[in-house]
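The next block is structure15.pdb, given as PDB, C-alpha atoms.
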```
ATOM      1  CA  ILE H   1       7.768 134.878 -15.149
ATOM      2  CA  ILE H   2       8.862 136.641 -11.961
ATOM      3  CA  MET H   3      11.582 134.114 -11.155
ATOM      4  CA  THR H   4      12.739 133.664 -14.740
ATOM      5  CA  HIS H   5      13.061 137.288 -15.821
ATOM      6  CA  GLY H   6      13.131 139.413 -12.647
ATOM      7  CA  ASP H   7      16.285 141.136 -11.398
ATOM      8  CA  ASP H   8      17.467 143.087  -8.363
ATOM      9  CA  ASN H   9      15.395 146.105  -9.438
ATOM     10  CA  GLY H  10      12.084 144.253  -9.607
ATOM     11  CA  LEU H  11       9.926 142.656 -12.262
ATOM     12  CA  VAL H  12      10.879 142.367 -15.913
ATOM     13  CA  MET H  13       7.649 141.713 -17.781
ATOM     14  CA  PRO H  14       7.604 140.181 -21.273
ATOM     15  CA  PRO H  15       5.757 142.662 -23.513
ATOM     16  CA  ALA H  16       3.014 140.182 -24.442
ATOM     17  CA  VAL H  17       1.801 139.904 -20.846
ATOM     18  CA  ALA H  18       2.775 143.331 -19.492
ATOM     19  CA  PRO H  19      -0.327 145.296 -18.380
ATOM     20  CA  THR H  20       1.532 148.450 -19.421
ATOM     21  CA  GLN H  21       4.004 148.126 -22.290
ATOM     22  CA  LEU H  22       5.133 151.753 -22.354
ATOM     23  CA  VAL H  23       5.203 154.454 -19.706
ATOM     24  CA  VAL H  24       5.543 158.072 -20.816
ATOM     25  CA  ILE H  25       7.493 160.200 -18.355
ATOM     26  CA  PRO H  26       7.636 163.968 -18.865
ATOM     27  CA  ILE H  27      11.040 165.436 -17.984
ATOM     28  CA  ALA H  28      10.867 168.896 -16.369
ATOM     29  CA  PRO H  29       7.058 168.838 -16.499
ATOM     30  CA  HIS H  30       6.908 172.377 -15.097
ATOM     31  CA  LYS H  31       8.346 173.705 -18.358
ATOM     32  CA  PRO H  32       5.787 175.020 -20.871
ATOM     33  CA  GLY H  33       4.454 172.433 -23.284
ATOM     34  CA  VAL H  34       6.056 169.355 -21.725
ATOM     35  CA  LEU H  35       2.968 167.884 -20.066
ATOM     36  CA  ASP H  36       0.857 168.611 -23.130
ATOM     37  CA  ALA H  37       3.405 166.901 -25.390
ATOM     38  CA  ALA H  38       3.580 163.862 -23.109
ATOM     39  CA  ALA H  39      -0.208 163.581 -22.926
ATOM     40  CA  SER H  40      -0.473 163.931 -26.690
ATOM     41  CA  LEU H  41       2.003 161.083 -27.173
ATOM     42  CA  ARG H  42       0.117 158.908 -24.715
ATOM     43  CA  ASP H  43      -3.159 159.439 -26.542
ATOM     44  CA  ARG H  44      -1.583 158.996 -29.954
ATOM     45  CA  LEU H  45       0.157 155.731 -29.059
ATOM     46  CA  LYS H  46      -2.839 153.999 -27.477
ATOM     47  CA  SER H  47      -3.563 152.289 -30.777
ATOM     48  CA  VAL H  48      -0.021 150.892 -30.919
ATOM     49  CA  VAL H  49       0.867 149.822 -27.367
ATOM     50  CA  ARG H  50      -0.638 149.589 -23.887
ATOM     51  CA  VAL H  51       0.523 152.958 -22.606
ATOM     52  CA  LYS H  52       0.152 155.206 -19.594
ATOM     53  CA  MET H  53       1.673 158.519 -18.550
ATOM     54  CA  ASP H  54       3.142 159.221 -15.132
ATOM     55  CA  ASP H  55       2.398 162.885 -14.442
ATOM     56  CA  SER H  56       2.659 162.544 -10.667
ATOM     57  CA  ASP H  57       4.607 165.038  -8.568
ATOM     58  CA  ASN H  58       7.413 162.558  -7.872
ATOM     59  CA  SER H  59      10.892 163.155  -9.263
ATOM     60  CA  ALA H  60      11.924 161.655 -12.593
ATOM     61  CA  GLY H  61      14.361 159.330 -10.815
ATOM     62  CA  TRP H  62      11.614 158.083  -8.503
ATOM     63  CA  LYS H  63       9.351 157.434 -11.488
ATOM     64  CA  PHE H  64      12.105 155.565 -13.320
ATOM     65  CA  ALA H  65      12.657 153.279 -10.323
ATOM     66  CA  GLU H  66       8.930 152.793  -9.743
ATOM     67  CA  HIS H  67       8.193 151.616 -13.263
ATOM     68  CA  GLU H  68      11.362 149.526 -13.420
ATOM     69  CA  MET H  69      10.158 147.760 -10.273
ATOM     70  CA  LYS H  70       6.806 147.095 -11.974
ATOM     71  CA  GLY H  71       8.597 145.672 -15.001
ATOM     72  CA  VAL H  72       7.214 148.005 -17.686
ATOM     73  CA  PRO H  73       9.107 146.943 -20.850
ATOM     74  CA  LEU H  74       9.678 150.427 -22.309
ATOM     75  CA  ARG H  75      10.011 153.927 -20.889
ATOM     76  CA  LEU H  76       9.572 157.034 -23.022
ATOM     77  CA  GLU H  77      11.241 160.196 -21.747
ATOM     78  CA  ILE H  78      10.362 163.566 -23.241
ATOM     79  CA  GLY H  79      11.528 166.990 -22.116
ATOM     80  CA  PRO H  80      11.911 170.528 -23.513
ATOM     81  CA  ARG H  81      15.017 169.746 -25.570
ATOM     82  CA  ASP H  82      13.410 166.609 -26.992
ATOM     83  CA  ILE H  83      10.370 168.607 -28.057
ATOM     84  CA  GLU H  84      12.626 171.142 -29.807
ATOM     85  CA  ASN H  85      14.360 168.318 -31.680
ATOM     86  CA  ASN H  86      11.137 166.405 -32.451
ATOM     87  CA  GLN H  87      12.467 163.345 -30.652
ATOM     88  CA  CYS H  88      12.256 161.334 -27.447
ATOM     89  CA  VAL H  89      14.347 158.795 -25.566
ATOM     90  CA  ILE H  90      13.167 155.185 -25.252
ATOM     91  CA  VAL H  91      14.706 153.029 -22.506
ATOM     92  CA  ARG H  92      14.390 149.243 -22.442
ATOM     93  CA  ARG H  93      13.673 147.627 -19.075
ATOM     94  CA  ASP H  94      15.551 144.406 -19.818
ATOM     95  CA  ASN H  95      18.965 145.927 -20.571
ATOM     96  CA  ARG H  96      18.501 149.683 -19.929
ATOM     97  CA  GLU H  97      19.549 150.440 -23.483
ATOM     98  CA  LYS H  98      18.608 153.972 -24.550
ATOM     99  CA  THR H  99      17.482 154.838 -28.063
ATOM    100  CA  VAL H 100      16.782 158.305 -29.429
ATOM    101  CA  VAL H 101      13.705 158.079 -31.639
ATOM    102  CA  SER H 102      12.081 160.661 -33.882
ATOM    103  CA  LEU H 103       8.531 161.424 -32.788
ATOM    104  CA  ASP H 104       7.463 160.773 -36.378
ATOM    105  CA  GLU H 105       8.741 157.176 -36.234
ATOM    106  CA  LEU H 106       7.240 155.995 -32.943
ATOM    107  CA  GLU H 107       4.444 153.925 -34.473
ATOM    108  CA  THR H 108       7.064 151.928 -36.366
ATOM    109  CA  LYS H 109       9.851 151.880 -33.791
ATOM    110  CA  LEU H 110       7.882 150.869 -30.685
ATOM    111  CA  PRO H 111       6.704 147.480 -32.031
ATOM    112  CA  GLU H 112      10.292 146.794 -33.132
ATOM    113  CA  LEU H 113      11.614 147.585 -29.665
ATOM    114  CA  LEU H 114       8.949 145.464 -27.970
ATOM    115  CA  LYS H 115       9.905 142.542 -30.205
ATOM    116  CA  ALA H 116      13.564 143.113 -29.338
ATOM    117  CA  VAL H 117      12.708 143.011 -25.624
ATOM    118  CA  HIS H 118      10.703 139.803 -26.118
ATOM    119  CA  ASP H 119      13.474 138.129 -28.106
ATOM    120  CA  GLY H 120      16.153 139.257 -25.664
ATOM    121  CA  LEU H 121      14.273 137.908 -22.652
ATOM    122  CA  TYR H 122      13.607 134.595 -24.398
ATOM    123  CA  GLN H 123      17.210 134.085 -25.468
ATOM    124  CA  LYS H 124      18.555 135.017 -22.037
ATOM    125  CA  ALA H 125      16.161 132.615 -20.291
ATOM    126  CA  LEU H 126      16.890 129.842 -22.797
ATOM    127  CA  ALA H 127      20.647 130.237 -22.388
ATOM    128  CA  ARG H 128      20.324 130.146 -18.606
ATOM    129  CA  ARG H 129      18.158 127.020 -18.699
ATOM    130  CA  GLU H 130      20.522 125.243 -21.080
ATOM    131  CA  SER H 131      23.558 126.175 -18.979
ATOM    132  CA  MET H 132      21.868 124.636 -15.936
ATOM    133  CA  THR H 133      20.700 121.400 -17.596
ATOM    134  CA  TYR H 134      22.927 118.335 -17.248
ATOM    135  CA  SER H 135      22.867 114.684 -18.343
ATOM    136  CA  ALA H 136      23.353 111.560 -16.228
ATOM    137  CA  ALA H 137      23.796 107.986 -17.449
ATOM    138  CA  SER H 138      23.943 106.346 -14.013
ATOM    139  CA  MET H 139      22.459 106.727 -10.551
ATOM    140  CA  SER H 140      25.821 107.815  -9.136
ATOM    141  CA  GLU H 141      26.120 110.558 -11.765
ATOM    142  CA  LEU H 142      22.568 111.689 -11.092
ATOM    143  CA  LYS H 143      23.124 111.849  -7.328
ATOM    144  CA  GLU H 144      26.349 113.794  -7.804
ATOM    145  CA  LEU H 145      24.623 116.330 -10.028
ATOM    146  CA  ALA H 146      21.569 116.598  -7.773
ATOM    147  CA  ASP H 147      23.772 117.297  -4.755
ATOM    148  CA  ASN H 148      26.145 119.770  -6.382
ATOM    149  CA  LYS H 149      24.551 121.370  -9.444
ATOM    150  CA  PRO H 150      21.313 123.348  -9.111
ATOM    151  CA  GLY H 151      19.199 122.930 -12.207
ATOM    152  CA  PHE H 152      17.787 120.090 -14.292
ATOM    153  CA  ILE H 153      19.104 116.595 -15.026
ATOM    154  CA  LYS H 154      18.271 114.615 -18.152
ATOM    155  CA  ALA H 155      18.279 110.848 -17.577
ATOM    156  CA  MET H 156      16.692 107.704 -18.981
ATOM    157  CA  TRP H 157      13.767 105.963 -17.268
ATOM    158  CA  CYS H 158      12.183 102.553 -17.709
ATOM    159  CA  GLY H 159       8.688 103.862 -17.061
ATOM    160  CA  GLU H 160       8.150 102.015 -13.789
ATOM    161  CA  LEU H 161       6.738 103.849 -10.771
ATOM    162  CA  GLU H 162       9.147 101.992  -8.475
ATOM    163  CA  CYS H 163      12.133 103.614 -10.164
ATOM    164  CA  GLU H 164      10.548 107.055 -10.077
ATOM    165  CA  THR H 165       9.968 106.614  -6.340
ATOM    166  CA  ALA H 166      13.537 105.363  -5.850
ATOM    167  CA  LEU H 167      14.929 108.435  -7.594
ATOM    168  CA  LYS H 168      12.945 110.657  -5.261
ATOM    169  CA  ASP H 169      14.039 108.730  -2.159
ATOM    170  CA  GLN H 170      17.708 108.280  -3.090
ATOM    171  CA  ALA H 171      18.521 111.446  -5.024
ATOM    172  CA  GLY H 172      15.760 113.829  -3.937
ATOM    173  CA  VAL H 173      14.594 114.473  -7.507
ATOM    174  CA  THR H 174      11.200 114.185  -9.162
ATOM    175  CA  SER H 175      10.191 114.239 -12.808
ATOM    176  CA  ARG H 176       9.786 117.755 -14.214
ATOM    177  CA  CYS H 177       8.755 116.827 -17.746
ATOM    178  CA  MET H 178       9.059 114.225 -20.501
ATOM    179  CA  PRO H 179      10.105 116.196 -23.598
ATOM    180  CA  PHE H 180       8.317 115.588 -26.897
ATOM    181  CA  GLU H 181      11.742 115.624 -28.554
ATOM    182  CA  GLN H 182      13.414 112.643 -26.937
ATOM    183  CA  GLU H 183      17.188 112.305 -26.576
ATOM    184  CA  LYS H 184      18.945 109.000 -26.028
ATOM    185  CA  ILE H 185      21.228 109.602 -23.040
ATOM    186  CA  ALA H 186      21.767 105.858 -22.518
ATOM    187  CA  ASP H 187      20.187 102.506 -23.368
ATOM    188  CA  THR H 188      19.155 101.646 -19.821
ATOM    189  CA  CYS H 189      17.181 103.159 -16.957
ATOM    190  CA  VAL H 190      19.313 105.325 -14.686
ATOM    191  CA  CYS H 191      17.844 103.534 -11.669
ATOM    192  CA  CYS H 192      17.338  99.817 -12.421
ATOM    193  CA  SER H 193      19.457  99.347 -15.569
ATOM    194  CA  LYS H 194      16.539  97.769 -17.425
ATOM    195  CA  PRO H 195      15.884  98.911 -21.010
ATOM    196  CA  ALA H 196      14.888 102.579 -20.987
ATOM    197  CA  LYS H 197      11.644 103.795 -22.535
ATOM    198  CA  HIS H 198      11.808 107.549 -21.991
ATOM    199  CA  MET H 199      14.206 110.418 -21.457
ATOM    200  CA  VAL H 200      12.938 112.470 -18.529
ATOM    201  CA  VAL H 201      14.040 115.804 -17.114
ATOM    202  CA  TRP H 202      14.461 115.508 -13.344
ATOM    203  CA  GLY H 203      14.967 118.149 -10.702
ATOM    204  CA  LYS H 204      14.664 119.049  -7.061
ATOM    205  CA  ALA H 205      11.617 120.896  -5.786
ATOM    206  CA  TYR H 206      12.446 123.914  -3.630
TER     207      TYR H 206
END
```

Structure translated into structure tokens:
Amino acid sequence: IIMTHGDDNGLVMPPAVAPTQLVVIPIAPHKPGVLDAAASLRDRLKSVVRVKMDDSDNSAGWKFAEHEMKGVPLRLEIGPRDIENNQCVIVRRDNREKTVVSLDELETKLPELLKAVHDGLYQKALARRESMTYSAASMSELKELADNKPGFIKAMWCGELECETALKDQAGVTSRCMPFEQEKIADTCVCCSKPAKHMVVWGKAY
């Protein structure tokens, strides 16, 4: 999860596994009513999301960075003007997109935003994996890819341990998985040219 979704600012936690899904941050907490409004939202939303409020003495910018580093999927900002307008600002961790949400619609909007974060993270990770997965029909192709293209290599295998060992010794790759949905890259084993039995995803261990 850390390696797949994290960025230069820290963790990016998928909502399903995030210990805290929403952090409430009062803006200008010294102003009358702001802390009370933030605490009320925290208590109200406990039945909808895993939520906490950051009412520490640190600056708003420090709090933003702190909870971004921890990977909290959503941040709720509420200040005096928001209270006047019966609204708040929700910021997504994955793309920093800001959405102004009516306080009356939070119970509906938050699950939608969490699903959007989940779907966005999944699609981004899937696209990255697919862009870094290659196919090889021969040992020379596999070696070339292993030496020059970081990622995964799909290639056919006869099922013999000797060929698996040869691939490790000659190309530096080991089997990562044998997909349930098999593709036919070629008719023969990438190593020995005997009839292939399986398509295997190979890769280097770092």

Nearest to Glu144 in chain H by atom-to-atom distance, counting all atoms listed in the file, from H:Val72, H:Ala171, H:Met3, H:Ala186:
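Looking only at the distances to Glu144 in chain H, the closest residue turns out to be H:Ala171.
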
Result set of the PyMOL selection byres ((chain H and resi 22) around 6) on the coordinates above, as a ChimeraX atom specification:
/H:20-21,23,51,74-75

With C-alpha atoms kept, could you save the residues just selected as a compact mmCIF listing (two decimals), in the coordinates of the input?
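Now in selection04.txt:
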```txt
# COMPACT_ATOMS: atom_id res chain seq x y z
CA THR H 20 1.53 148.45 -19.42
CA GLN H 21 4.00 148.13 -22.29
CA VAL H 23 5.20 154.45 -19.71
CA VAL H 51 0.52 152.96 -22.61
CA LEU H 74 9.68 150.43 -22.31
CA ARG H 75 10.01 153.93 -20.89
```

Quick check, in Å to one decimal: how far apart do CA of Asp57 in chain H and CA of Arg92 in chain H lie?
23.2 Å

Just how far from CA of Ala146 in chain H is CA of Ser131 in chain H, in Å to one decimal?
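CA of Ser131 in chain H sits 14.9 Å away from CA of Ala146 in chain H.
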
Using Å and a single decimal, report how far CA of Arg176 in chain H sits from CA of Arg129 in chain H.
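Between CA of Arg129 in chain H and CA of Arg176 in chain H the gap works out to 13.3 Å.
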
Quick one: residues within 12 Å of (10.2, 147.2, -33.4) (file frame), counting only C-alpha atoms, please, as a list in words.
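The requested residues, written out, are Pro15, Val48, Val49, Leu74, Ile90, Arg92, Thr99, Val101, Glu105, Leu106, Glu107, Thr108, Lys109, Leu110, Pro111, Glu112, Leu113, Leu114, Lys115, Ala116, Val117, His118 and Asp119 of chain H.
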
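Checking H:Ile2, H:Val201, H:Val100, H:Ile25 one by one against Thr174 in chain H, counting all atoms listed in the file, you find the shortest gap at H:Val201.
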
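Residue selection for this entry, given the PyMOL selection byres ((chain H and resi 63) around 12), comprises Val23, Val24, Ile25, Pro26, Ile27, Met53, Asp54, Asp55, Ser56, Asp57, Asn58, Ser59, Ala60, Gly61, Trp62, Phe64, Ala65, Glu66, His67, Glu68, Met69, Lys70, Val72, Arg75, Leu76 and Glu77 of chain H.
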
I'd like to know which of H:Ala205, H:Val173, H:Val200, H:Cys158 is closest to Thr188 in chain H, using only C-alpha atoms.
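Once distances to Thr188 in chain H are computed over only C-alpha atoms, the minimum belongs to H:Cys158.
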
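Shortest atom-to-atom contact with Pro195 in chain H among H:Gly79, H:Gly159, H:Pro32, H:Pro73: H:Gly159, counting only C-alpha atoms.
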
Find the smallest box with edges along x, y and z containing every listed atom of range 126-132 of chain H, then add 8 Å on each side and report centre and edge lengths in Å to one decimal, as JSON.
```
{"center_x": 20.2, "center_y": 127.4, "center_z": -19.4, "size_x": 22.7, "size_y": 21.6, "size_z": 22.9}
```

Taking the file above as input, evaluate the PyMOL selection byres ((chain H and resi 191) around 8) and report the hits as a PyMOL selection string.
chain H and resi 138-139+157+163+166-167+189-190+192-193

Nearest-residue call for Ile185 in chain H, choices H:Leu35, H:Ala137, H:Leu142, H:Ile83, using only C-alpha atoms
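Comparing H:Leu35, H:Ala137, H:Leu142, H:Ile83 against Ile185 in chain H, the winner is H:Ala137.
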
Taking into account all atoms listed in the file, which residue in the set H:Asp8, H:Glu160, H:Tyr134, H:Asp169 is nearest to Asn148 in chain H?
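Of H:Asp8, H:Glu160, H:Tyr134, H:Asp169, the one nearest Asn148 in chain H is H:Tyr134, counting all atoms listed in the file.
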
Need the shell around Leu145 in chain H: protein/DNA/RNA residues with any atom at most 10 Å away, counting only C-alpha atoms. Skip same-chain ones fewer than 6 positions apart. Format as a compact mmCIF listing (two decimals) with C-alpha atoms, keeping the file's coordinate frame?
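Dumped everything to around02.txt:
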```
# COMPACT_ATOMS: atom_id res chain seq x y z
CA THR H 133 20.70 121.40 -17.60
CA TYR H 134 22.93 118.34 -17.25
CA SER H 135 22.87 114.68 -18.34
CA ALA H 136 23.35 111.56 -16.23
CA MET H 139 22.46 106.73 -10.55
CA GLY H 151 19.20 122.93 -12.21
CA PHE H 152 17.79 120.09 -14.29
CA ILE H 153 19.10 116.60 -15.03
CA ALA H 171 18.52 111.45 -5.02
CA GLY H 203 14.97 118.15 -10.70
```

Just range 25-143 of chain H, please, as an mmCIF file, in the first residue's frame (only C-alpha atoms).
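Output below, filename result-v3.cif:
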```cif
data_model
loop_
_atom_site.group_PDB
_atom_site.id
_atom_site.type_symbol
_atom_site.label_atom_id
_atom_site.label_comp_id
_atom_site.auth_asym_id
_atom_site.auth_seq_id
_atom_site.Cartn_x
_atom_site.Cartn_y
_atom_site.Cartn_z
ATOM 1 C CA ILE H 25 -9.625 20.935 10.984
ATOM 2 C CA PRO H 26 -11.049 24.142 12.456
ATOM 3 C CA ILE H 27 -9.866 27.254 10.603
ATOM 4 C CA ALA H 28 -9.277 30.277 12.866
ATOM 5 C CA PRO H 29 -10.204 28.234 15.948
ATOM 6 C CA HIS H 30 -9.831 31.313 18.160
ATOM 7 C CA LYS H 31 -12.935 32.814 16.556
ATOM 8 C CA PRO H 32 -16.193 32.312 18.488
ATOM 9 C CA GLY H 33 -18.084 29.154 17.624
ATOM 10 C CA VAL H 34 -15.474 27.557 15.361
ATOM 11 C CA LEU H 35 -14.197 24.895 17.756
ATOM 12 C CA ASP H 36 -17.725 24.065 18.870
ATOM 13 C CA ALA H 37 -18.862 23.685 15.253
ATOM 14 C CA ALA H 38 -15.890 21.462 14.417
ATOM 15 C CA ALA H 39 -16.460 19.276 17.476
ATOM 16 C CA SER H 40 -20.153 19.007 16.666
ATOM 17 C CA LEU H 41 -19.338 17.827 13.143
ATOM 18 C CA ARG H 42 -16.868 15.285 14.469
ATOM 19 C CA ASP H 43 -19.431 13.824 16.846
ATOM 20 C CA ARG H 44 -22.190 13.880 14.257
ATOM 21 C CA LEU H 45 -20.129 12.121 11.583
ATOM 22 C CA LYS H 46 -18.835 9.278 13.756
ATOM 23 C CA SER H 47 -21.657 7.078 12.515
ATOM 24 C CA VAL H 48 -20.668 7.719 8.892
ATOM 25 C CA VAL H 49 -16.855 7.679 8.786
ATOM 26 C CA ARG H 50 -13.841 7.095 11.023
ATOM 27 C CA VAL H 51 -13.256 10.697 12.035
ATOM 28 C CA LYS H 52 -11.081 12.750 14.340
ATOM 29 C CA MET H 53 -10.627 16.465 14.952
ATOM 30 C CA ASP H 54 -7.273 18.212 15.147
ATOM 31 C CA ASP H 55 -7.731 21.006 17.684
ATOM 32 C CA SER H 56 -4.031 21.282 18.504
ATOM 33 C CA ASP H 57 -2.280 24.645 18.718
ATOM 34 C CA ASN H 58 -0.379 24.081 15.465
ATOM 35 C CA SER H 59 -1.096 26.237 12.426
ATOM 36 C CA ALA H 60 -3.621 25.125 9.821
ATOM 37 C CA GLY H 61 -0.821 24.624 7.288
ATOM 38 C CA TRP H 62 1.087 22.404 9.711
ATOM 39 C CA LYS H 63 -2.043 20.339 10.335
ATOM 40 C CA PHE H 64 -2.692 19.979 6.610
ATOM 41 C CA ALA H 65 0.840 18.671 6.039
ATOM 42 C CA GLU H 66 0.710 16.388 9.079
ATOM 43 C CA HIS H 67 -2.459 14.609 8.027
ATOM 44 C CA GLU H 68 -1.386 14.468 4.385
ATOM 45 C CA MET H 69 1.775 12.705 5.556
ATOM 46 C CA LYS H 70 -0.376 10.206 7.480
ATOM 47 C CA GLY H 71 -2.473 9.588 4.380
ATOM 48 C CA VAL H 72 -5.903 10.539 5.757
ATOM 49 C CA PRO H 73 -8.200 10.264 2.696
ATOM 50 C CA LEU H 74 -10.352 13.345 3.383
ATOM 51 C CA ARG H 75 -9.848 16.643 5.183
ATOM 52 C CA LEU H 76 -12.754 18.803 6.316
ATOM 53 C CA GLU H 77 -12.012 22.493 6.809
ATOM 54 C CA ILE H 78 -14.479 24.720 8.630
ATOM 55 C CA GLY H 79 -14.054 28.353 9.614
ATOM 56 C CA PRO H 80 -16.202 31.389 10.500
ATOM 57 C CA ARG H 81 -17.268 32.108 6.917
ATOM 58 C CA ASP H 82 -18.143 28.454 6.338
ATOM 59 C CA ILE H 83 -20.316 28.445 9.443
ATOM 60 C CA GLU H 84 -22.133 31.565 8.201
ATOM 61 C CA ASN H 85 -22.795 29.863 4.862
ATOM 62 C CA ASN H 86 -23.720 26.480 6.393
ATOM 63 C CA GLN H 87 -20.948 24.784 4.441
ATOM 64 C CA CYS H 88 -17.456 23.336 4.695
ATOM 65 C CA VAL H 89 -14.577 22.486 2.381
ATOM 66 C CA ILE H 90 -13.602 18.852 1.778
ATOM 67 C CA VAL H 91 -10.128 18.139 0.373
ATOM 68 C CA ARG H 92 -9.157 14.776 -1.107
ATOM 69 C CA ARG H 93 -5.723 13.418 -0.199
ATOM 70 C CA ASP H 94 -5.186 11.582 -3.485
ATOM 71 C CA ASN H 95 -5.553 14.558 -5.838
ATOM 72 C CA ARG H 96 -6.019 17.571 -3.505
ATOM 73 C CA GLU H 97 -9.337 18.352 -5.145
ATOM 74 C CA LYS H 98 -11.457 20.733 -3.063
ATOM 75 C CA THR H 99 -15.232 20.481 -2.841
ATOM 76 C CA VAL H 100 -17.565 22.898 -1.083
ATOM 77 C CA VAL H 101 -20.250 20.856 0.656
ATOM 78 C CA SER H 102 -23.378 21.944 2.489
ATOM 79 C CA LEU H 103 -23.310 20.870 6.126
ATOM 80 C CA ASP H 104 -26.752 19.355 5.570
ATOM 81 C CA GLU H 105 -25.412 16.990 2.886
ATOM 82 C CA LEU H 106 -22.330 15.584 4.620
ATOM 83 C CA GLU H 107 -23.838 12.204 5.485
ATOM 84 C CA THR H 108 -24.540 11.660 1.791
ATOM 85 C CA LYS H 109 -21.503 13.360 0.280
ATOM 86 C CA LEU H 110 -18.741 11.834 2.421
ATOM 87 C CA PRO H 111 -19.385 8.199 1.394
ATOM 88 C CA GLU H 112 -19.473 9.357 -2.241
ATOM 89 C CA LEU H 113 -16.128 11.108 -1.868
ATOM 90 C CA LEU H 114 -14.557 8.120 -0.114
ATOM 91 C CA LYS H 115 -15.700 5.888 -2.970
ATOM 92 C CA ALA H 116 -14.244 8.372 -5.457
ATOM 93 C CA VAL H 117 -10.904 8.263 -3.621
ATOM 94 C CA HIS H 118 -10.972 4.448 -3.610
ATOM 95 C CA ASP H 119 -11.815 4.245 -7.309
ATOM 96 C CA GLY H 120 -9.230 6.869 -8.226
ATOM 97 C CA LEU H 121 -6.449 5.093 -6.346
ATOM 98 C CA TYR H 122 -7.380 1.743 -7.887
ATOM 99 C CA GLN H 123 -7.481 3.062 -11.443
ATOM 100 C CA LYS H 124 -4.201 4.940 -11.035
ATOM 101 C CA ALA H 125 -2.451 1.860 -9.620
ATOM 102 C CA LEU H 126 -3.937 -0.394 -12.305
ATOM 103 C CA ALA H 127 -2.846 1.940 -15.099
ATOM 104 C CA ARG H 128 0.669 2.125 -13.676
ATOM 105 C CA ARG H 129 0.924 -1.658 -13.368
ATOM 106 C CA GLU H 130 -0.350 -2.205 -16.903
ATOM 107 C CA SER H 131 2.041 0.400 -18.314
ATOM 108 C CA MET H 132 4.940 -1.435 -16.669
ATOM 109 C CA THR H 133 3.963 -4.971 -17.734
ATOM 110 C CA TYR H 134 5.562 -6.370 -20.890
ATOM 111 C CA SER H 135 5.462 -9.617 -22.884
ATOM 112 C CA ALA H 136 8.366 -11.769 -24.069
ATOM 113 C CA ALA H 137 8.236 -14.704 -26.483
ATOM 114 C CA SER H 138 11.927 -15.625 -26.279
ATOM 115 C CA MET H 139 14.769 -15.680 -23.779
ATOM 116 C CA SER H 140 16.544 -12.852 -25.606
ATOM 117 C CA GLU H 141 13.423 -10.672 -25.410
ATOM 118 C CA LEU H 142 13.001 -11.484 -21.734
ATOM 119 C CA LYS H 143 16.624 -10.631 -20.928
#
```
